[in-house]
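Q: The structure's right below; bear with me while I get my questions together.
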Amino acid sequence: DAGITQSPRHKVTETGTPVTLRCHQTENHRYMYWYRQDPGHGLRLIHYSYGVKDTDKGEVSDGYSVSRSKTEDFLLTLESATSSQTSVYFCAIRETGDTEAFFGQGTRLTVV
Amino acid sequence: DAKTTQPPSMDCAEGRAANLPCNHSTISGNEYVYWYRQIHSQGPQYIIHGLKNNETNEMASLIITEDRKSSTLILPHATLRDTAVYYCIVRATSNTGKLIFGQGTTLQVKP
């Protein structure tokens, strides 16, 4: 299995509090992604990174920010969590070129 | 990246071949077709990908039409453990790496 770890795996937080999810890789892959998945929906891209300090928005980026200060870590921050951000969050990594993506096991976030 | 269209659900008998179609009529010449699947609430798992030619690996076969506007993922002998949501994605390797998923096909393998 690709070396990709998400933390925490489960979190319950209150509305209005900041939350940071971490994606850590040991593969030195260039690309890193954050997705959210809600019941009845496929995976929706929040933000992605194509290098250290290089990030871009995905389909559902409002309310989220990201940072990548080193190759191995990609952080997703909810500045002020809302109940609509209750979801399962997946991180993925991918090398350049004609390559497949590897996904983490997901983080289940509940905002109450 | 080109959009894809997949049927929302399909059934398959255990031991039979499962053929999952995907339409990508706006695919560009430099875009690959990728297939992933997601079992229960696990992270998606890569299955196979191709550009023009048909491809086969230990998990599945990928058949791409000559005009590249559609493709079919074939699981030759489906088992109950193949019950999952299957996603077809098209992506160019020359872009910044954005990876967009559609709704996928829920495959139910029945005994």
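Letters A, B, ... mark the chains of the structure tokens in the order given; residue numbers begin at 1 per chain; ligand numbers begin at 1, in order shown.
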Could you please tell me, as a list in words, which residues of chain A have an atom within 6 Å of chain B when using only C-alpha atoms?
A: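 Output check: Gly42, Leu43, Gly97, Asp98, Phe103, Gly104 and Gln105 of chain A.
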Q: For the residues in the current selection, export N, CA and C atoms as a compact mmCIF listing (two decimals), in the first residue's frame.
A:
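For reference, again.txt as written:
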# COMPACT_ATOMS: atom_id res chain seq x y z
N GLY A 42 -20.61 11.40 -5.10
CA GLY A 42 -19.28 10.86 -5.32
C GLY A 42 -18.27 11.74 -4.60
N LEU A 43 -17.02 11.58 -4.94
CA LEU A 43 -15.98 12.41 -4.34
C LEU A 43 -15.92 13.76 -5.03
N GLY A 97 2.93 12.53 -14.47
CA GLY A 97 2.81 11.68 -15.64
C GLY A 97 1.61 10.77 -15.62
N ASP A 98 1.73 9.70 -16.36
CA ASP A 98 0.67 8.73 -16.57
C ASP A 98 0.60 7.77 -15.37
N PHE A 103 -5.21 6.63 -2.42
CA PHE A 103 -6.08 7.32 -1.46
C PHE A 103 -5.82 6.86 -0.03
N GLY A 104 -6.01 7.81 0.88
CA GLY A 104 -5.98 7.46 2.28
C GLY A 104 -7.28 6.81 2.72
N GLN A 105 -7.34 6.46 3.99
CA GLN A 105 -8.50 5.74 4.52
C GLN A 105 -9.65 6.65 4.91
Q: Go through A:Thr107, A:Thr17, A:Thr77, A:Asn28 one by one, measure the shortest atom-to-atom distance of each to Cys91 in chain A using only C-alpha atoms, and give the residue with the smallest value.
A: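 Of A:Thr107, A:Thr17, A:Thr77, A:Asn28, the one nearest Cys91 in chain A is A:Thr107, counting only C-alpha atoms.
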Q: Need the shell around range 51-55 of chain A: protein/DNA/RNA residues with any atom at most 10 Å away, counting only C-alpha atoms. Skip same-chain ones fewer than 5 positions apart. Format as a PyMOL selection string?
A: (chain A and resi 29-33+65-74) or (chain B and resi 96)
Q: So that I can see what lies close to Ile4 in chain A, please list as a PyMOL selection string the residues with an atom at most 7 Å from it, counting only C-alpha atoms and leaving out residues fewer than 3 positions away in the same chain.
A: chain A and resi 24-26+104
Q: Out of A:Arg22, A:Lys57, A:His10, A:Arg108, which residue has the shortest atom-to-atom distance to Gln37 in chain A when counting only C-alpha atoms?
A: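 Nearest candidate to Gln37 in chain A out of A:Arg22, A:Lys57, A:His10, A:Arg108: A:Arg108.
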Q: From the set A:Ser49, A:Thr82, A:Ser87, A:Thr110, which residue has the shortest atom-to-atom contact distance to Val12 in chain A, counting only C-alpha atoms?
A: A:Thr110
Q: Could you give me, as a list in words, the residues within 12 Å of Ile63 in chain B, counting only C-alpha atoms and dropping anything in the same chain fewer than 6 positions from it?
A: Asn19, Leu20, Pro21, Cys22, Val33, Tyr34, Trp35, Ile48, His49, Gly50, Leu51, Lys52, Asn53, Asn54, Glu55, Thr56, Lys69, Ser70, Ser71, Thr72, Leu73, Ile74 and Leu75 of chain B
Q: Please report the interatomic distance between CA of Ser9 in chain B and CA of Tyr86 in chain B in Å with one decimal.
A: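 Between CA of Ser9 in chain B and CA of Tyr86 in chain B the gap works out to 9.5 Å.
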Q: Determine which residues of range 34-111 of chain B DSSP labels as strand (DSSP E) from the backbone of this structure, then write them out as JSON, numbers by chain.
A: {"B": [34, 35, 36, 37, 38, 45, 46, 47, 48, 49, 50, 55, 56, 61, 62, 63, 64, 70, 71, 72, 73, 74, 75, 84, 85, 86, 87, 88, 89, 90, 91, 92, 105, 106, 107, 108, 109, 110]}
Q: Those same residues, written as a PDB file, in the first residue's frame with C-alpha atoms?
A:
ATOM      1  CA  TYR B  34      -8.869   5.773 -15.598  1.00  0.00           C
ATOM      2  CA  TRP B  35     -11.033   3.448 -13.551  1.00  0.00           C
ATOM      3  CA  TYR B  36     -11.246   3.370  -9.760  1.00  0.00           C
ATOM      4  CA  ARG B  37     -13.553   1.616  -7.373  1.00  0.00           C
ATOM      5  CA  GLN B  38     -14.692   2.325  -3.843  1.00  0.00           C
ATOM      6  CA  GLN B  45      -8.734   1.987  -5.278  1.00  0.00           C
ATOM      7  CA  TYR B  46      -7.086   2.221  -8.687  1.00  0.00           C
ATOM      8  CA  ILE B  47      -8.071  -0.502 -11.167  1.00  0.00           C
ATOM      9  CA  ILE B  48      -6.714   0.220 -14.625  1.00  0.00           C
ATOM     10  CA  HIS B  49      -6.133   2.957 -17.196  1.00  0.00           C
ATOM     11  CA  GLY B  50      -5.501   3.380 -20.910  1.00  0.00           C
ATOM     12  CA  GLU B  55      -5.490  -2.906 -21.508  1.00  0.00           C
ATOM     13  CA  THR B  56      -5.548  -5.879 -19.156  1.00  0.00           C
ATOM     14  CA  SER B  61      -9.695  -5.395 -18.745  1.00  0.00           C
ATOM     15  CA  LEU B  62     -10.329  -2.016 -20.318  1.00  0.00           C
ATOM     16  CA  ILE B  63     -11.826  -1.811 -23.786  1.00  0.00           C
ATOM     17  CA  ILE B  64     -11.676   1.625 -25.462  1.00  0.00           C
ATOM     18  CA  SER B  70     -16.563   5.380 -24.783  1.00  0.00           C
ATOM     19  CA  SER B  71     -14.992   2.546 -22.855  1.00  0.00           C
ATOM     20  CA  THR B  72     -15.958  -0.583 -20.962  1.00  0.00           C
ATOM     21  CA  LEU B  73     -14.427  -1.983 -17.811  1.00  0.00           C
ATOM     22  CA  ILE B  74     -14.653  -5.754 -17.680  1.00  0.00           C
ATOM     23  CA  LEU B  75     -14.364  -7.790 -14.492  1.00  0.00           C
ATOM     24  CA  ALA B  84     -18.542  -1.421  -5.084  1.00  0.00           C
ATOM     25  CA  VAL B  85     -18.960   1.956  -6.736  1.00  0.00           C
ATOM     26  CA  TYR B  86     -16.917   2.143  -9.939  1.00  0.00           C
ATOM     27  CA  TYR B  87     -15.683   5.486 -11.206  1.00  0.00           C
ATOM     28  CA  CYS B  88     -14.575   6.298 -14.742  1.00  0.00           C
ATOM     29  CA  ILE B  89     -12.356   9.384 -15.051  1.00  0.00           C
ATOM     30  CA  VAL B  90     -10.628  11.000 -17.983  1.00  0.00           C
ATOM     31  CA  ARG B  91      -7.541  13.049 -17.331  1.00  0.00           C
ATOM     32  CA  ALA B  92      -4.729  14.600 -19.315  1.00  0.00           C
ATOM     33  CA  THR B 105     -21.770   3.110 -11.141  1.00  0.00           C
ATOM     34  CA  THR B 106     -22.841   1.052  -8.146  1.00  0.00           C
ATOM     35  CA  LEU B 107     -22.192  -2.572  -9.077  1.00  0.00           C
ATOM     36  CA  GLN B 108     -24.068  -5.165  -7.036  1.00  0.00           C
ATOM     37  CA  VAL B 109     -22.748  -8.695  -7.458  1.00  0.00           C
ATOM     38  CA  LYS B 110     -25.413 -11.193  -6.478  1.00  0.00           C
TER      39      LYS B 110
END
Q: Using only C-alpha atoms, which residue out of B:Thr65, B:Ala18, B:Ala78, B:Ile27 lies closest to Thr5 in chain B?
A: B:Ile27
Q: Taking into account only C-alpha atoms, which residue in the set B:Ser28, B:Met10, B:Gly15, B:Pro111 is nearest to Arg68 in chain B?
A: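 Of B:Ser28, B:Met10, B:Gly15, B:Pro111, the one nearest Arg68 in chain B is B:Ser28, counting only C-alpha atoms.
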Q: Calculated over only C-alpha atoms, which of the candidates B:His40, B:Arg81, B:Met59, B:Asn23 has the smallest distance to Pro39 in chain A?
A: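 The shortest atom-to-atom distance to Pro39 in chain A comes from B:His40.
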